[in-house]
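**Student:** Input file: protein_11.csv. Contents: CSV, C-alpha atoms.
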chain,number,residue,atom,x,y,z
A,76,ALA,CA,0.0,0.0,0.0
A,77,LEU,CA,1.1,3.6,-0.7
A,78,ILE,CA,1.8,5.7,2.4
A,79,GLY,CA,3.0,8.7,0.4
A,80,ASP,CA,4.9,9.7,-2.7
A,81,ASP,CA,7.5,12.0,-1.0
A,82,GLU,CA,8.4,13.8,2.2
A,83,HIS,CA,8.3,11.2,4.9
A,84,GLY,CA,9.3,11.2,8.6
A,85,TRP,CA,10.5,8.5,10.9
A,86,ASP,CA,9.8,8.8,14.6
A,87,ASP,CA,9.4,6.5,17.6
A,88,GLN,CA,6.1,5.2,16.4
A,89,GLY,CA,7.1,4.5,12.8
A,90,VAL,CA,7.1,6.2,9.4
A,91,PHE,CA,4.6,8.8,8.2
A,92,ASN,CA,3.9,11.1,5.3
A,93,PHE,CA,3.4,14.8,5.6
A,94,GLU,CA,3.0,15.8,2.0
A,95,GLY,CA,-0.4,14.4,1.2
A,96,GLY,CA,-0.1,14.2,-2.6
A,97,CYS,CA,1.9,12.8,-5.5
A,98,TYR,CA,4.1,14.3,-8.2
A,99,ALA,CA,5.3,12.4,-11.2
A,100,LYS,CA,7.1,12.8,-14.5
A,101,THR,CA,4.9,12.4,-17.6
A,102,ILE,CA,7.3,12.1,-20.5
A,103,ASN,CA,6.3,9.1,-22.7
A,104,LEU,CA,3.6,8.2,-20.1
A,105,THR,CA,1.4,5.3,-21.2
A,106,GLU,CA,-1.2,3.1,-19.4
A,107,LYS,CA,1.0,0.1,-20.2
A,108,THR,CA,4.3,1.4,-18.7
A,109,GLU,CA,2.8,3.3,-15.7
A,110,PRO,CA,-0.9,2.3,-15.2
A,111,ASP,CA,-1.3,3.9,-11.8
A,112,ILE,CA,0.1,7.3,-12.8
A,113,TYR,CA,-1.7,7.2,-16.1
A,114,ARG,CA,-5.1,6.6,-14.5
A,115,ALA,CA,-4.4,9.2,-11.8
A,116,VAL,CA,-4.6,11.9,-14.4
A,117,LYS,CA,-8.3,12.9,-14.0
A,118,LYS,CA,-10.4,15.5,-12.2
A,119,ASP,CA,-8.4,17.2,-9.4
A,120,ALA,CA,-5.0,16.3,-11.0
A,121,MET,CA,-2.9,19.1,-12.4
A,122,LEU,CA,-0.6,18.8,-15.5
A,123,GLU,CA,2.5,20.9,-15.8
A,124,ASN,CA,4.6,21.5,-19.0
A,125,VAL,CA,2.5,19.0,-20.9
A,126,ALA,CA,1.4,19.6,-24.5
A,127,LEU,CA,-2.3,19.2,-25.5
A,128,LYS,CA,-3.6,18.0,-28.8
A,129,GLY,CA,-6.9,17.9,-30.7
A,130,ASP,CA,-10.2,19.7,-30.1
A,131,ASP,CA,-10.6,17.9,-26.8
A,132,ASN,CA,-7.2,19.1,-25.5
A,133,GLU,CA,-6.0,15.6,-24.8
A,134,PRO,CA,-2.5,15.4,-23.1
A,135,ASP,CA,0.3,14.4,-25.5
A,136,TYR,CA,3.0,12.9,-23.3
A,137,PHE,CA,5.2,12.3,-26.2
A,138,ASP,CA,5.4,15.9,-27.4
A,139,THR,CA,8.7,17.2,-26.0
A,140,SER,CA,9.1,20.1,-28.4
A,141,LYS,CA,9.0,22.6,-25.5
A,142,THR,CA,10.5,20.5,-22.7
A,143,GLU,CA,11.0,17.0,-21.5
A,144,ASN,CA,10.1,18.0,-18.0
A,145,GLY,CA,6.4,17.3,-18.0
A,146,ARG,CA,4.8,16.6,-14.6
A,147,VAL,CA,1.5,15.8,-13.0
A,148,SER,CA,0.4,16.5,-9.4
A,149,TYR,CA,-2.5,14.5,-8.1
A,150,PRO,CA,-4.1,13.5,-4.7
A,151,ILE,CA,-2.9,10.4,-3.1
A,152,PHE,CA,-6.4,8.9,-3.2
A,153,HIS,CA,-6.1,8.7,-7.0
A,154,ILE,CA,-4.0,5.6,-6.4
A,155,ASP,CA,-6.2,2.6,-5.7
A,156,ASN,CA,-4.0,1.0,-3.0
A,157,TYR,CA,-3.1,4.1,-1.0
A,158,HIS,CA,-3.0,3.7,2.8
A,159,GLU,CA,-5.5,6.2,4.2
A,160,PRO,CA,-3.8,6.8,7.6
A,161,GLN,CA,-0.6,7.6,5.7
A,162,MET,CA,1.5,6.1,8.4
A,163,ALA,CA,2.9,2.7,9.3
A,164,GLY,CA,5.3,0.9,11.7
A,165,HIS,CA,9.1,0.8,11.5
A,166,PRO,CA,10.6,-0.2,8.1
A,167,LYS,CA,12.7,-3.3,7.6
A,168,ASN,CA,14.4,-1.9,4.5
A,169,ILE,CA,15.6,1.6,3.6
A,170,ILE,CA,16.2,2.2,-0.1
A,171,PHE,CA,18.2,5.1,-1.4
A,172,LEU,CA,17.0,5.8,-5.0
A,173,SER,CA,19.6,7.1,-7.4
A,174,CYS,CA,19.5,7.9,-11.2
A,175,ASP,CA,23.1,7.4,-12.4
A,176,ALA,CA,23.4,8.9,-15.8
A,177,PHE,CA,27.0,7.7,-16.2
A,178,GLY,CA,26.1,4.0,-16.5
A,179,VAL,CA,28.3,2.9,-13.5
A,180,LEU,CA,26.0,2.0,-10.6
A,181,PRO,CA,24.3,-1.4,-10.5
A,182,PRO,CA,20.5,-1.5,-10.4
A,183,ILE,CA,20.7,-2.8,-6.7
A,184,ALA,CA,23.4,-2.8,-4.1
A,185,LYS,CA,23.4,-3.9,-0.4
A,186,LEU,CA,25.0,-1.5,2.1
A,187,THR,CA,26.6,-2.0,5.5
A,188,PRO,CA,25.3,0.5,8.1
A,189,GLU,CA,28.5,2.5,7.7
A,190,GLN,CA,28.2,2.5,3.9
A,191,ALA,CA,24.6,3.6,4.4
A,192,MET,CA,25.8,6.7,6.3
A,193,TYR,CA,28.4,7.5,3.6
A,194,HIS,CA,25.8,7.3,0.8
A,195,PHE,CA,23.1,9.0,2.8
A,196,ILE,CA,25.4,12.0,3.4
A,197,SER,CA,26.6,11.9,-0.2
A,198,GLY,CA,23.0,11.9,-1.7
A,199,TYR,CA,24.2,11.1,-5.2
A,200,THR,CA,22.0,11.3,-8.3
A,201,ALA,CA,22.5,12.9,-11.7
A,202,LYS,CA,20.7,15.6,-13.7
A,203,VAL,CA,20.0,14.8,-17.3
A,204,ALA,CA,19.2,17.0,-20.3
A,205,GLY,CA,15.6,18.3,-20.2
A,206,THR,CA,15.0,18.1,-16.5
A,207,GLU,CA,16.3,21.6,-15.7
A,208,ARG,CA,17.0,24.7,-17.8
A,209,GLY,CA,20.7,24.8,-19.0
A,210,VAL,CA,21.4,21.1,-18.4
A,211,THR,CA,22.5,19.7,-21.7
A,212,GLU,CA,24.6,16.7,-20.6
A,213,PRO,CA,24.7,14.5,-17.5
A,214,THR,CA,25.8,16.3,-14.4
A,215,ALA,CA,26.5,14.6,-11.1
A,216,THR,CA,24.5,16.0,-8.2
A,217,PHE,CA,25.4,15.4,-4.6
A,218,SER,CA,22.6,16.6,-2.2
A,219,ALA,CA,23.4,15.8,1.4
A,220,CYS,CA,20.8,13.4,2.8
A,221,PHE,CA,19.0,13.6,-0.5
A,222,GLY,CA,17.6,17.0,0.6
A,223,ALA,CA,20.4,19.5,1.3
A,224,ALA,CA,18.2,22.5,0.7
A,225,PHE,CA,15.9,21.5,3.7
A,226,LEU,CA,18.6,20.7,6.3
A,227,THR,CA,18.9,22.9,9.3
A,228,LEU,CA,21.7,20.9,11.0
A,229,HIS,CA,25.0,19.5,9.8
A,230,PRO,CA,24.3,16.5,7.5
A,231,THR,CA,26.3,14.1,9.7
A,232,ARG,CA,23.7,14.7,12.5
A,233,TYR,CA,20.9,13.4,10.3
A,234,ALA,CA,23.2,10.5,9.3
A,235,GLU,CA,23.7,9.6,13.0
A,236,LEU,CA,19.9,9.7,13.6
A,237,LEU,CA,19.4,7.4,10.7
A,238,LYS,CA,22.1,5.0,11.9
A,239,GLU,CA,20.5,4.9,15.3
A,240,LYS,CA,17.2,3.9,13.8
A,241,LEU,CA,18.7,1.3,11.4
A,242,GLU,CA,20.4,-0.4,14.3
A,243,LYS,CA,17.5,-0.1,16.7
A,244,HIS,CA,15.0,-1.6,14.3
A,245,ASN,CA,17.4,-3.9,12.5
A,246,ALA,CA,16.7,-2.3,9.1
A,247,GLN,CA,18.8,-3.0,6.0
A,248,ALA,CA,19.9,-0.2,3.7
A,249,TRP,CA,20.1,-0.5,-0.1
A,250,ILE,CA,20.8,1.6,-3.2
A,251,VAL,CA,18.5,1.1,-6.1
A,252,ASN,CA,19.6,2.8,-9.3
A,253,SER,CA,17.1,3.6,-12.0
A,254,GLY,CA,19.6,5.2,-14.3
A,255,TRP,CA,21.6,4.0,-17.3
A,256,SER,CA,23.0,0.7,-18.3
A,257,GLY,CA,25.5,-0.3,-21.1
A,258,GLY,CA,27.0,3.2,-21.2
A,259,ALA,CA,26.3,6.7,-20.1
A,260,TYR,CA,23.3,8.8,-21.0
A,261,GLY,CA,23.1,9.1,-24.8
A,262,ILE,CA,25.0,5.8,-25.3
A,263,GLY,CA,23.5,3.3,-23.0
A,264,GLU,CA,19.8,2.6,-22.2
A,265,ARG,CA,17.7,3.6,-19.3
A,266,MET,CA,17.0,0.8,-16.8
A,267,SER,CA,13.5,-0.5,-17.5
A,268,ILE,CA,10.8,0.0,-15.0
A,269,LYS,CA,10.4,-3.7,-15.0
A,270,THR,CA,14.0,-4.1,-13.8
A,271,THR,CA,13.7,-1.5,-11.0
A,272,ARG,CA,10.4,-3.1,-9.8
A,273,ALA,CA,11.9,-6.5,-9.8
A,274,CYS,CA,14.8,-5.3,-7.6
A,275,VAL,CA,12.4,-3.5,-5.2
A,276,ASN,CA,10.0,-6.4,-5.0
A,277,TYR,CA,12.8,-8.9,-4.3
A,278,ILE,CA,14.0,-6.7,-1.4
A,279,LEU,CA,10.4,-6.4,0.0
A,280,ASP,CA,9.7,-10.1,-0.4
A,281,GLY,CA,12.7,-10.9,1.8
A,282,LYS,CA,13.9,-13.5,-0.8
A,283,ILE,CA,17.1,-11.5,-1.6
A,284,GLU,CA,18.8,-12.8,1.6
A,285,ASP,CA,18.9,-16.2,0.0
A,286,THR,CA,21.1,-15.1,-2.9
A,287,THR,CA,24.9,-15.2,-3.4
A,288,TRP,CA,26.6,-11.8,-3.0
A,289,GLU,CA,29.6,-10.4,-4.8
A,290,LYS,CA,31.6,-7.5,-3.4
A,291,ASP,CA,32.3,-4.5,-5.7
A,292,PRO,CA,36.1,-3.8,-5.6
A,293,VAL,CA,35.8,-0.1,-6.0
A,294,PHE,CA,32.6,0.9,-4.1
A,295,GLY,CA,32.7,-1.9,-1.6
A,296,TRP,CA,28.9,-2.7,-1.6
A,297,GLU,CA,27.5,-6.1,-2.4
A,298,ILE,CA,25.7,-7.0,-5.6
A,299,PRO,CA,23.4,-10.1,-5.8
A,300,ALA,CA,24.5,-12.8,-8.2
A,301,SER,CA,21.0,-13.2,-9.6
A,302,ILE,CA,17.5,-11.8,-9.2
A,303,PRO,CA,14.4,-13.3,-11.0
A,304,ASP,CA,13.4,-11.3,-14.1
A,305,VAL,CA,16.6,-9.3,-14.1
A,306,ASP,CA,19.4,-10.0,-16.6
A,307,SER,CA,22.5,-11.1,-14.5
A,308,ASN,CA,24.7,-8.9,-16.8
A,309,VAL,CA,22.7,-5.8,-15.8
A,310,LEU,CA,23.4,-6.6,-12.2
A,311,ARG,CA,27.1,-6.2,-13.1
A,312,PRO,CA,27.3,-2.9,-15.0
A,313,LYS,CA,30.7,-3.6,-16.5
A,314,ASN,CA,29.3,-6.6,-18.4
A,315,THR,CA,26.8,-4.4,-20.3
A,316,TRP,CA,29.4,-2.0,-21.7
A,317,PRO,CA,30.8,-2.8,-25.2
A,318,ASP,CA,34.2,-1.7,-24.0
A,319,ALA,CA,35.2,-2.8,-20.5
A,320,SER,CA,38.1,-0.3,-20.4
A,321,GLN,CA,35.7,2.6,-21.0
A,322,TYR,CA,33.6,1.4,-18.1
A,323,ASP,CA,36.7,1.4,-15.9
A,324,GLU,CA,37.4,5.0,-16.8
A,325,ALA,CA,33.8,6.0,-16.1
A,326,GLU,CA,33.8,4.2,-12.8
A,327,LYS,CA,37.0,5.9,-11.7
A,328,LYS,CA,35.7,9.3,-12.8
A,329,LEU,CA,32.5,8.8,-10.7
A,330,ALA,CA,34.3,7.4,-7.7
A,331,ASN,CA,36.6,10.5,-7.7
A,332,MET,CA,33.5,12.7,-7.8
A,333,TYR,CA,32.2,10.9,-4.6
A,334,VAL,CA,35.6,11.3,-2.9
A,335,ASP,CA,36.0,15.0,-3.8
A,336,ASN,CA,32.4,15.8,-2.7
A,337,PHE,CA,32.9,14.1,0.7
A,338,GLU,CA,36.0,16.1,1.6
A,339,LYS,CA,33.8,18.8,3.2
A,340,TYR,CA,32.3,16.2,5.6
A,341,ARG,CA,35.7,15.2,6.9
A,342,VAL,CA,36.5,18.5,8.6
A,343,GLY,CA,34.8,20.8,11.1
A,344,ASP,CA,32.0,19.8,13.4
A,345,VAL,CA,32.0,16.0,12.8
A,346,ASP,CA,32.1,13.3,15.3
A,347,TYR,CA,33.0,10.5,12.9
A,348,ASP,CA,34.7,10.3,9.5
A,349,TYR,CA,32.6,8.1,7.2
A,350,SER,CA,34.9,8.7,4.2
A,351,GLN,CA,36.6,5.3,4.8
A,352,PHE,CA,33.3,3.6,3.7
A,353,GLY,CA,33.3,5.3,0.3
A,354,PRO,CA,34.9,4.3,-3.0
A,355,LYS,CA,38.5,2.9,-2.9
A,356,LEU,CA,40.7,4.2,-5.8
Show me, as structure tokens, the structure contained in the file I just sent.
**Tutor:**
Amino acid sequence: ALIGDDEHGWDDQGVFNFEGGCYAKTINLTEKTEPDIYRAVKKDAMLENVALKGDDNEPDYFDTSKTENGRVSYPIFHIDNYHEPQMAGHPKNIIFLSCDAFGVLPPIAKLTPEQAMYHFISGYTAKVAGTERGVTEPTATFSACFGAAFLTLHPTRYAELLKEKLEKHNAQAWIVNSGWSGGAYGIGERMSIKTTRACVNYILDGKIEDTTWEKDPVFGWEIPASIPDVDSNVLRPKNTWPDASQYDEAEKKLANMYVDNFEKYRVGDVDYDYSQFGPKL
């Protein structure tokens, strides 16, 4: 069931949503690829940056002549399986969602508690062309705690709070990457929604603990050897690149971005240096 689309809290009673609505991209939206979002576009929903066509002003989600950044806002009750109280107990899994436009990150990775702190503080994703004005090529974005603009305390303080909750409630942290595979943006292909859903479902089903794990030599996280309905080569990004040496270069470049970004969290008012749990070059 859906508790909320964005903006959640985690207190002593569990998780809760304080946004109350949903916000989604509409580019190339079809009922087949995203049935819930497609059906949510009805009375009380609001489209933004979406072209209209015909005498009936039907939305044209494939018309990107003005911008690729079409969006829709809609009430949470437009989703059939939403959870009306919009709160629940303590989570067993925490997923950091990233969109890696460099084609380096795997679709799923298991983190130790210390690695979780490193990646939570890093808050990595990537901007791609069309999502913001002036962005014409993939740009790495590091937003502390995945929400730097909203932080009032030092990011390490929020990381410490998260670590306490992970340990207290025995929750496992993951990275799920919905970005590119087989090469960077413009060369490789975007991870399919089917692949991302298969990874998330496998985490939630608890079956993933039965798989064999492989440790990534650079990032240090663990990658499952296999997941049903996911190509095993996609789980190992290097295997999807036509030229393995080009992948190595891209991986080194991204790893250096992580390291450079984290320098500011190694000095000043910090109780613990989590940089040792980042990429090893």
**Student:** For Lys167 in chain A, please output as JSON, numbers by chain all residues within 10 Å (counting all atoms listed in the file; exclusion window: fewer than 5 positions along the same chain).
**Tutor:** {"A": [241, 244, 245, 246, 247, 248, 278, 279, 281]}
**Student:** I'd like the neighbourhood of Ala319 in chain A as a count of residues only, where a residue qualifies if any of its atoms comes within 12 Å (using all atoms listed in the file), though same-chain residues fewer than 6 positions away should be ignored.
**Tutor:** 8
**Student:** CA of Gly84 in chain A and CA of Cys174 in chain A are how many Å apart?
**Tutor:**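 Separation of CA of Gly84 in chain A and CA of Cys174 in chain A: 22.5 Å.
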**Student:** List as JSON lines every residue of range 235-307 of chain A that is in contact with range 109-121 of chain A, defined as an atom at most 12 Å from one of its atoms (using all atoms listed in the file), together with the nearest atom pair and the distance in Å rounded to one decimal, sorted by chain and then rising number.
**Tutor:**
{"residue": "A:Ser267", "atom": "CA", "partner": "A:Glu109", "partner_atom": "CA", "distance": 11.5}
{"residue": "A:Ile268", "atom": "CA", "partner": "A:Glu109", "partner_atom": "CA", "distance": 8.7}
{"residue": "A:Lys269", "atom": "CA", "partner": "A:Glu109", "partner_atom": "CA", "distance": 10.4}
{"residue": "A:Arg272", "atom": "CA", "partner": "A:Glu109", "partner_atom": "CA", "distance": 11.6}
**Student:** Can you work out which one of A:Lys141, A:Leu180, A:Met266, A:Trp255 has the shortest atom-to-atom distance to Lys327 in chain A, counting only C-alpha atoms?
**Tutor:**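 Ranking A:Lys141, A:Leu180, A:Met266, A:Trp255 by distance to Lys327 in chain A, first place goes to A:Leu180.
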**Student:** Which is closest to Ala224 in chain A among A:Asp86, A:Tyr260, A:Gly198, A:Phe93, if we use all atoms listed in the file?
**Tutor:** A:Gly198
**Student:** Hey, what's within 9 Å of Ala99 in chain A if we count only C-alpha atoms and toss same-chain stuff fewer than 5 positions away? As a JSON list (two decimals) with C-alpha atoms, in the coordinates of the input, please?
**Tutor:**
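Wrote out.json, looks like this:
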[["chain", "number", "residue", "atom", "x", "y", "z"],
["A", 80, "ASP", "CA", 4.90, 9.70, -2.70],
["A", 112, "ILE", "CA", 0.10, 7.30, -12.80],
["A", 145, "GLY", "CA", 6.40, 17.30, -18.00],
["A", 146, "ARG", "CA", 4.80, 16.60, -14.60],
["A", 147, "VAL", "CA", 1.50, 15.80, -13.00],
["A", 148, "SER", "CA", 0.40, 16.50, -9.40],
["A", 149, "TYR", "CA", -2.50, 14.50, -8.10]]
